[in-house]
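This is data_22.cif. It holds mmCIF, N, CA, C and O atoms.
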```cif
data_target
loop_
_atom_site.label_atom_id
_atom_site.label_comp_id
_atom_site.auth_asym_id
_atom_site.auth_seq_id
_atom_site.Cartn_x
_atom_site.Cartn_y
_atom_site.Cartn_z
N GLU U 9 138.04 -6.80 14.05
CA GLU U 9 137.14 -7.88 14.43
C GLU U 9 136.12 -8.13 13.33
O GLU U 9 135.84 -9.28 13.01
N ILE U 10 135.59 -7.08 12.74
CA ILE U 10 134.58 -7.25 11.70
C ILE U 10 135.17 -7.97 10.49
O ILE U 10 134.58 -8.90 9.95
N THR U 11 136.36 -7.56 10.06
CA THR U 11 137.01 -8.20 8.92
C THR U 11 137.31 -9.66 9.22
O THR U 11 137.12 -10.53 8.37
N HIS U 12 137.75 -9.94 10.42
CA HIS U 12 138.06 -11.32 10.82
C HIS U 12 136.79 -12.17 10.81
O HIS U 12 136.79 -13.30 10.30
N ASN U 13 135.71 -11.68 11.37
CA ASN U 13 134.45 -12.43 11.40
C ASN U 13 133.92 -12.68 9.99
O ASN U 13 133.41 -13.77 9.71
N GLU U 14 134.03 -11.68 9.12
CA GLU U 14 133.59 -11.85 7.73
C GLU U 14 134.41 -12.93 7.05
O GLU U 14 133.88 -13.78 6.33
N ALA U 15 135.71 -12.93 7.29
CA ALA U 15 136.59 -13.94 6.69
C ALA U 15 136.23 -15.34 7.18
O ALA U 15 136.22 -16.29 6.39
N LEU U 16 135.93 -15.48 8.46
CA LEU U 16 135.54 -16.79 9.00
C LEU U 16 134.22 -17.26 8.40
O LEU U 16 134.04 -18.45 8.13
N THR U 17 133.29 -16.35 8.21
CA THR U 17 132.00 -16.70 7.61
C THR U 17 132.20 -17.21 6.19
O THR U 17 131.68 -18.27 5.82
N LEU U 18 132.97 -16.49 5.39
CA LEU U 18 133.21 -16.91 4.02
C LEU U 18 134.01 -18.20 3.96
O LEU U 18 133.76 -19.05 3.11
N LEU U 19 134.95 -18.38 4.86
CA LEU U 19 135.72 -19.62 4.91
C LEU U 19 134.81 -20.80 5.20
O LEU U 19 134.93 -21.86 4.58
N SER U 20 133.89 -20.63 6.11
CA SER U 20 132.94 -21.69 6.44
C SER U 20 132.14 -22.11 5.22
O SER U 20 131.95 -23.29 4.96
N PHE U 21 131.68 -21.14 4.44
CA PHE U 21 130.90 -21.45 3.25
C PHE U 21 131.77 -22.07 2.16
O PHE U 21 131.32 -22.93 1.41
N ALA U 22 133.02 -21.65 2.06
CA ALA U 22 133.91 -22.14 1.01
C ALA U 22 134.37 -23.57 1.28
O ALA U 22 134.53 -24.37 0.36
N VAL U 23 134.58 -23.91 2.54
CA VAL U 23 135.14 -25.21 2.89
C VAL U 23 134.09 -26.31 2.92
O VAL U 23 134.30 -27.40 2.40
N GLN U 24 132.95 -26.05 3.54
CA GLN U 24 131.92 -27.09 3.67
C GLN U 24 130.52 -26.53 3.48
O GLN U 24 129.70 -26.54 4.40
N PRO U 25 130.21 -26.05 2.27
CA PRO U 25 128.85 -25.54 2.07
C PRO U 25 127.84 -26.69 2.02
O PRO U 25 128.17 -27.79 1.57
N VAL U 26 126.67 -26.43 2.50
CA VAL U 26 125.56 -27.37 2.37
C VAL U 26 124.58 -26.70 1.41
O VAL U 26 123.95 -25.71 1.75
N VAL U 27 124.50 -27.24 0.21
CA VAL U 27 123.68 -26.63 -0.85
C VAL U 27 122.26 -27.17 -0.77
O VAL U 27 122.04 -28.37 -0.82
N GLU U 28 121.32 -26.25 -0.63
CA GLU U 28 119.90 -26.61 -0.56
C GLU U 28 119.36 -27.03 -1.93
O GLU U 28 118.55 -27.94 -2.02
N ALA U 29 119.77 -26.32 -2.99
CA ALA U 29 119.30 -26.61 -4.34
C ALA U 29 120.19 -25.92 -5.36
O ALA U 29 120.87 -24.95 -5.04
N VAL U 30 120.15 -26.44 -6.58
CA VAL U 30 120.87 -25.83 -7.68
C VAL U 30 119.86 -25.10 -8.55
O VAL U 30 118.86 -25.68 -8.96
N ALA U 31 120.12 -23.83 -8.81
CA ALA U 31 119.29 -23.01 -9.69
C ALA U 31 117.81 -23.03 -9.33
O ALA U 31 116.97 -23.37 -10.17
N PRO U 32 117.45 -22.67 -8.10
CA PRO U 32 116.02 -22.62 -7.77
C PRO U 32 115.33 -21.57 -8.62
O PRO U 32 115.96 -20.58 -9.03
N PRO U 33 114.04 -21.75 -8.91
CA PRO U 33 113.34 -20.81 -9.78
C PRO U 33 113.18 -19.41 -9.15
O PRO U 33 113.09 -18.43 -9.87
N LEU U 34 113.17 -19.33 -7.83
CA LEU U 34 113.02 -18.04 -7.14
C LEU U 34 114.02 -17.94 -6.01
O LEU U 34 114.40 -18.93 -5.40
N VAL U 35 114.43 -16.71 -5.72
CA VAL U 35 115.29 -16.46 -4.57
C VAL U 35 114.49 -16.77 -3.31
O VAL U 35 113.34 -16.33 -3.18
N PRO U 36 115.03 -17.55 -2.38
CA PRO U 36 114.30 -17.87 -1.15
C PRO U 36 113.86 -16.62 -0.40
O PRO U 36 114.62 -15.66 -0.27
N VAL U 37 112.63 -16.63 0.08
CA VAL U 37 112.05 -15.46 0.74
C VAL U 37 112.50 -15.32 2.19
O VAL U 37 112.82 -14.24 2.64
N SER U 38 112.56 -16.40 2.92
CA SER U 38 112.95 -16.32 4.33
C SER U 38 113.94 -17.43 4.67
O SER U 38 113.61 -18.37 5.40
N PRO U 39 115.17 -17.32 4.14
CA PRO U 39 116.16 -18.36 4.43
C PRO U 39 116.65 -18.29 5.87
O PRO U 39 116.51 -17.26 6.53
N SER U 40 117.22 -19.38 6.33
CA SER U 40 117.85 -19.42 7.65
C SER U 40 119.34 -19.18 7.49
O SER U 40 119.93 -19.54 6.47
N ALA U 41 119.95 -18.62 8.49
CA ALA U 41 121.39 -18.37 8.45
C ALA U 41 122.14 -19.68 8.19
O ALA U 41 121.85 -20.69 8.81
N GLY U 42 123.06 -19.64 7.24
CA GLY U 42 123.86 -20.81 6.90
C GLY U 42 123.36 -21.57 5.69
O GLY U 42 124.08 -22.41 5.16
N GLN U 43 122.15 -21.29 5.21
CA GLN U 43 121.64 -21.98 4.04
C GLN U 43 122.30 -21.41 2.78
O GLN U 43 122.51 -20.20 2.68
N CYS U 44 122.60 -22.31 1.81
CA CYS U 44 123.28 -21.90 0.58
C CYS U 44 122.58 -22.51 -0.64
O CYS U 44 122.00 -23.58 -0.56
N TRP U 45 122.69 -21.82 -1.76
CA TRP U 45 122.16 -22.27 -3.03
C TRP U 45 123.17 -21.97 -4.12
O TRP U 45 123.96 -21.04 -3.98
N ILE U 46 123.12 -22.72 -5.20
CA ILE U 46 123.91 -22.39 -6.39
C ILE U 46 122.99 -21.60 -7.30
O ILE U 46 121.91 -22.07 -7.68
N VAL U 47 123.41 -20.39 -7.63
CA VAL U 47 122.60 -19.47 -8.43
C VAL U 47 122.56 -19.93 -9.88
O VAL U 47 123.60 -20.22 -10.48
N GLY U 48 121.35 -20.00 -10.43
CA GLY U 48 121.18 -20.40 -11.82
C GLY U 48 121.34 -19.22 -12.77
O GLY U 48 121.39 -18.06 -12.35
N PRO U 49 121.42 -19.51 -14.07
CA PRO U 49 121.58 -18.45 -15.06
C PRO U 49 120.35 -17.54 -15.11
O PRO U 49 119.22 -18.00 -15.00
N GLY U 50 120.60 -16.26 -15.23
CA GLY U 50 119.51 -15.29 -15.36
C GLY U 50 118.75 -15.00 -14.08
O GLY U 50 117.64 -14.48 -14.12
N ALA U 51 119.33 -15.31 -12.93
CA ALA U 51 118.65 -15.05 -11.66
C ALA U 51 118.45 -13.55 -11.47
O ALA U 51 119.25 -12.74 -11.93
N GLY U 52 117.39 -13.20 -10.78
CA GLY U 52 117.08 -11.79 -10.56
C GLY U 52 117.16 -11.41 -9.10
O GLY U 52 117.63 -12.18 -8.25
N GLY U 53 116.69 -10.23 -8.81
CA GLY U 53 116.67 -9.73 -7.43
C GLY U 53 118.06 -9.64 -6.85
O GLY U 53 119.00 -9.24 -7.54
N PRO U 54 118.23 -10.04 -5.60
CA PRO U 54 119.55 -9.93 -4.97
C PRO U 54 120.60 -10.85 -5.58
O PRO U 54 121.79 -10.67 -5.35
N TRP U 55 120.16 -11.82 -6.39
CA TRP U 55 121.11 -12.74 -7.03
C TRP U 55 121.51 -12.28 -8.43
O TRP U 55 122.30 -12.93 -9.09
N ASP U 56 120.99 -11.17 -8.87
CA ASP U 56 121.30 -10.65 -10.21
C ASP U 56 122.81 -10.48 -10.38
O ASP U 56 123.48 -9.90 -9.53
N GLY U 57 123.34 -11.01 -11.47
CA GLY U 57 124.77 -10.89 -11.75
C GLY U 57 125.64 -11.92 -11.07
O GLY U 57 126.86 -11.85 -11.14
N HIS U 58 125.04 -12.88 -10.39
CA HIS U 58 125.81 -13.90 -9.66
C HIS U 58 125.60 -15.30 -10.23
O HIS U 58 125.70 -16.29 -9.51
N ASP U 59 125.35 -15.40 -11.53
CA ASP U 59 125.12 -16.69 -12.17
C ASP U 59 126.25 -17.66 -11.85
O ASP U 59 127.43 -17.33 -12.01
N GLY U 60 125.91 -18.85 -11.39
CA GLY U 60 126.88 -19.88 -11.09
C GLY U 60 127.58 -19.75 -9.75
O GLY U 60 128.32 -20.63 -9.35
N ASP U 61 127.35 -18.66 -9.04
CA ASP U 61 127.98 -18.45 -7.74
C ASP U 61 127.26 -19.24 -6.64
O ASP U 61 126.11 -19.65 -6.80
N LEU U 62 127.94 -19.40 -5.54
CA LEU U 62 127.34 -19.97 -4.34
C LEU U 62 126.76 -18.81 -3.54
O LEU U 62 127.48 -17.86 -3.21
N ALA U 63 125.46 -18.82 -3.30
CA ALA U 63 124.79 -17.77 -2.54
C ALA U 63 124.43 -18.32 -1.16
O ALA U 63 123.74 -19.33 -1.06
N CYS U 64 124.94 -17.68 -0.12
CA CYS U 64 124.69 -18.13 1.24
C CYS U 64 124.07 -17.01 2.06
O CYS U 64 124.50 -15.86 1.98
N TRP U 65 123.09 -17.35 2.86
CA TRP U 65 122.41 -16.37 3.70
C TRP U 65 123.09 -16.29 5.06
O TRP U 65 123.40 -17.31 5.67
N THR U 66 123.31 -15.08 5.54
CA THR U 66 123.88 -14.85 6.87
C THR U 66 123.01 -13.84 7.59
O THR U 66 122.09 -13.27 7.00
N ALA U 67 123.30 -13.60 8.85
CA ALA U 67 122.56 -12.60 9.61
C ALA U 67 122.71 -11.21 8.96
O ALA U 67 121.86 -10.36 9.12
N GLY U 68 123.79 -11.02 8.21
CA GLY U 68 124.05 -9.74 7.54
C GLY U 68 123.55 -9.68 6.11
O GLY U 68 123.78 -8.71 5.41
N GLY U 69 122.87 -10.72 5.64
CA GLY U 69 122.36 -10.73 4.27
C GLY U 69 123.08 -11.77 3.41
O GLY U 69 123.72 -12.67 3.93
N TRP U 70 122.95 -11.63 2.10
CA TRP U 70 123.53 -12.59 1.17
C TRP U 70 125.03 -12.39 1.06
O TRP U 70 125.52 -11.27 1.00
N ARG U 71 125.75 -13.52 1.00
CA ARG U 71 127.18 -13.54 0.72
C ARG U 71 127.36 -14.45 -0.49
O ARG U 71 126.69 -15.48 -0.60
N PHE U 72 128.23 -14.06 -1.40
CA PHE U 72 128.44 -14.82 -2.63
C PHE U 72 129.88 -15.25 -2.76
O PHE U 72 130.80 -14.48 -2.44
N LEU U 73 130.06 -16.47 -3.23
CA LEU U 73 131.39 -17.00 -3.54
C LEU U 73 131.40 -17.40 -4.99
O LEU U 73 130.52 -18.15 -5.45
N ALA U 74 132.37 -16.91 -5.74
CA ALA U 74 132.47 -17.22 -7.15
C ALA U 74 132.83 -18.70 -7.33
O ALA U 74 133.66 -19.24 -6.59
N ALA U 75 132.21 -19.33 -8.29
CA ALA U 75 132.50 -20.73 -8.59
C ALA U 75 133.81 -20.83 -9.36
O ALA U 75 134.23 -19.88 -10.04
N PHE U 76 134.46 -21.98 -9.23
CA PHE U 76 135.69 -22.22 -9.98
C PHE U 76 135.79 -23.71 -10.29
O PHE U 76 135.15 -24.53 -9.61
N ASP U 77 136.54 -24.07 -11.30
CA ASP U 77 136.70 -25.47 -11.67
C ASP U 77 137.47 -26.20 -10.58
O ASP U 77 138.42 -25.67 -10.03
N GLY U 78 137.06 -27.43 -10.33
CA GLY U 78 137.77 -28.26 -9.36
C GLY U 78 137.06 -28.35 -8.08
O GLY U 78 137.40 -28.91 -7.13
#
```
Encoded form using structure tokens:
Amino acid sequence: EITHNEALTLLSFAVQPVVEAVAPPLVPVSPSAGQCWIVGPGAGGPWDGHDGDLACWTAGGWRFLAAFDG
């Protein structure tokens, strides 16, 4: 069940993400579940190492999807 729920969460973000902003200067402090951002270059904190990825907040914390062409 846990694996299935995680897959559905990531699928939701991959298919129809709603992006709040591209490369915000700071990681959001109190995001709401379902909010997503595109991580800018050199991001720190929990976004460190995720440059260009889609960062989405869930009840379980940050989830990242790698960007790809197309």
Problem - Shell around Phe21 (chain U) at 8 Å using all atoms listed in the file, local window under 3 positions removed, as a PyMOL selection string - result: chain U and resi 14-18+24-26+42+62+64+73
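The spacing separating CA of Trp55 (chain U) from CA of His12 (chain U) amounts to 24.7 Å.
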For region 43-50 of chain U, I'd like the enclosing box, axis-aligned and padded by 3 Å on every side, reported as AutoDock Vina command-line options with centre and edge lengths in Å to one decimal.
```
--center_x 120.8 --center_y -19.0 --center_z -5.1 --size_x 12.3 --size_y 15.1 --size_z 26.6
```
Exercise for the section: Return as JSON, numbers by chain the full set of residues in region 17-64 of chain U whose backbone-based DSSP assignment is alpha helix (DSSP H). Expected result: {"U": [17, 18, 19, 20, 21, 22, 23]}
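Pairwise distance (atom C of Ala31 (chain U), CA of Trp65 (chain U)) equals 15.3 Å.
Here the strand (DSSP E) residues in chain U, by DSSP on the backbone, are Val27, Glu28, Ala29, Val30, Cys44, Trp45, Ile46, Leu62, Ala63, Cys64, Trp65, Thr66, Gly69, Trp70, Arg71, Phe72 and Leu73 of chain U.
Every residue that the PyMOL selection byres (((chain U and resi 27 and name CA) around 8) and name CA) selects in this file is listed here: Pro25, Val26, Glu28, Ala29, Val30, Gln43, Cys44, Trp45 and Ile46 of chain U.
One finds CA of Pro32 (chain U) at 19.0 Å from atom C of Thr66 (chain U).
Once Val35 (chain U) and its same-chain neighbours fewer than 4 positions away are set aside, U:Pro39, U:Ala51, U:Gly52, U:Gly53, U:Pro54, U:Trp55 remain within 8 Å of it when counting all atoms listed in the file.
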Print the selection's residues with N, CA, C and O atoms to a file, as a PDB file, in the coordinates of the input.
```pdb
ATOM      1  N   PRO U  39     115.170 -17.320   4.140  1.00  0.00           N
ATOM      2  CA  PRO U  39     116.160 -18.360   4.430  1.00  0.00           C
ATOM      3  C   PRO U  39     116.650 -18.290   5.870  1.00  0.00           C
ATOM      4  O   PRO U  39     116.510 -17.260   6.530  1.00  0.00           O
ATOM      5  N   ALA U  51     119.330 -15.310 -12.930  1.00  0.00           N
ATOM      6  CA  ALA U  51     118.650 -15.050 -11.660  1.00  0.00           C
ATOM      7  C   ALA U  51     118.450 -13.550 -11.470  1.00  0.00           C
ATOM      8  O   ALA U  51     119.250 -12.740 -11.930  1.00  0.00           O
ATOM      9  N   GLY U  52     117.390 -13.200 -10.780  1.00  0.00           N
ATOM     10  CA  GLY U  52     117.080 -11.790 -10.560  1.00  0.00           C
ATOM     11  C   GLY U  52     117.160 -11.410  -9.100  1.00  0.00           C
ATOM     12  O   GLY U  52     117.630 -12.180  -8.250  1.00  0.00           O
ATOM     13  N   GLY U  53     116.690 -10.230  -8.810  1.00  0.00           N
ATOM     14  CA  GLY U  53     116.670  -9.730  -7.430  1.00  0.00           C
ATOM     15  C   GLY U  53     118.060  -9.640  -6.850  1.00  0.00           C
ATOM     16  O   GLY U  53     119.000  -9.240  -7.540  1.00  0.00           O
ATOM     17  N   PRO U  54     118.230 -10.040  -5.600  1.00  0.00           N
ATOM     18  CA  PRO U  54     119.550  -9.930  -4.970  1.00  0.00           C
ATOM     19  C   PRO U  54     120.600 -10.850  -5.580  1.00  0.00           C
ATOM     20  O   PRO U  54     121.790 -10.670  -5.350  1.00  0.00           O
ATOM     21  N   TRP U  55     120.160 -11.820  -6.390  1.00  0.00           N
ATOM     22  CA  TRP U  55     121.110 -12.740  -7.030  1.00  0.00           C
ATOM     23  C   TRP U  55     121.510 -12.280  -8.430  1.00  0.00           C
ATOM     24  O   TRP U  55     122.300 -12.930  -9.090  1.00  0.00           O
TER      25      TRP U  55
END
```
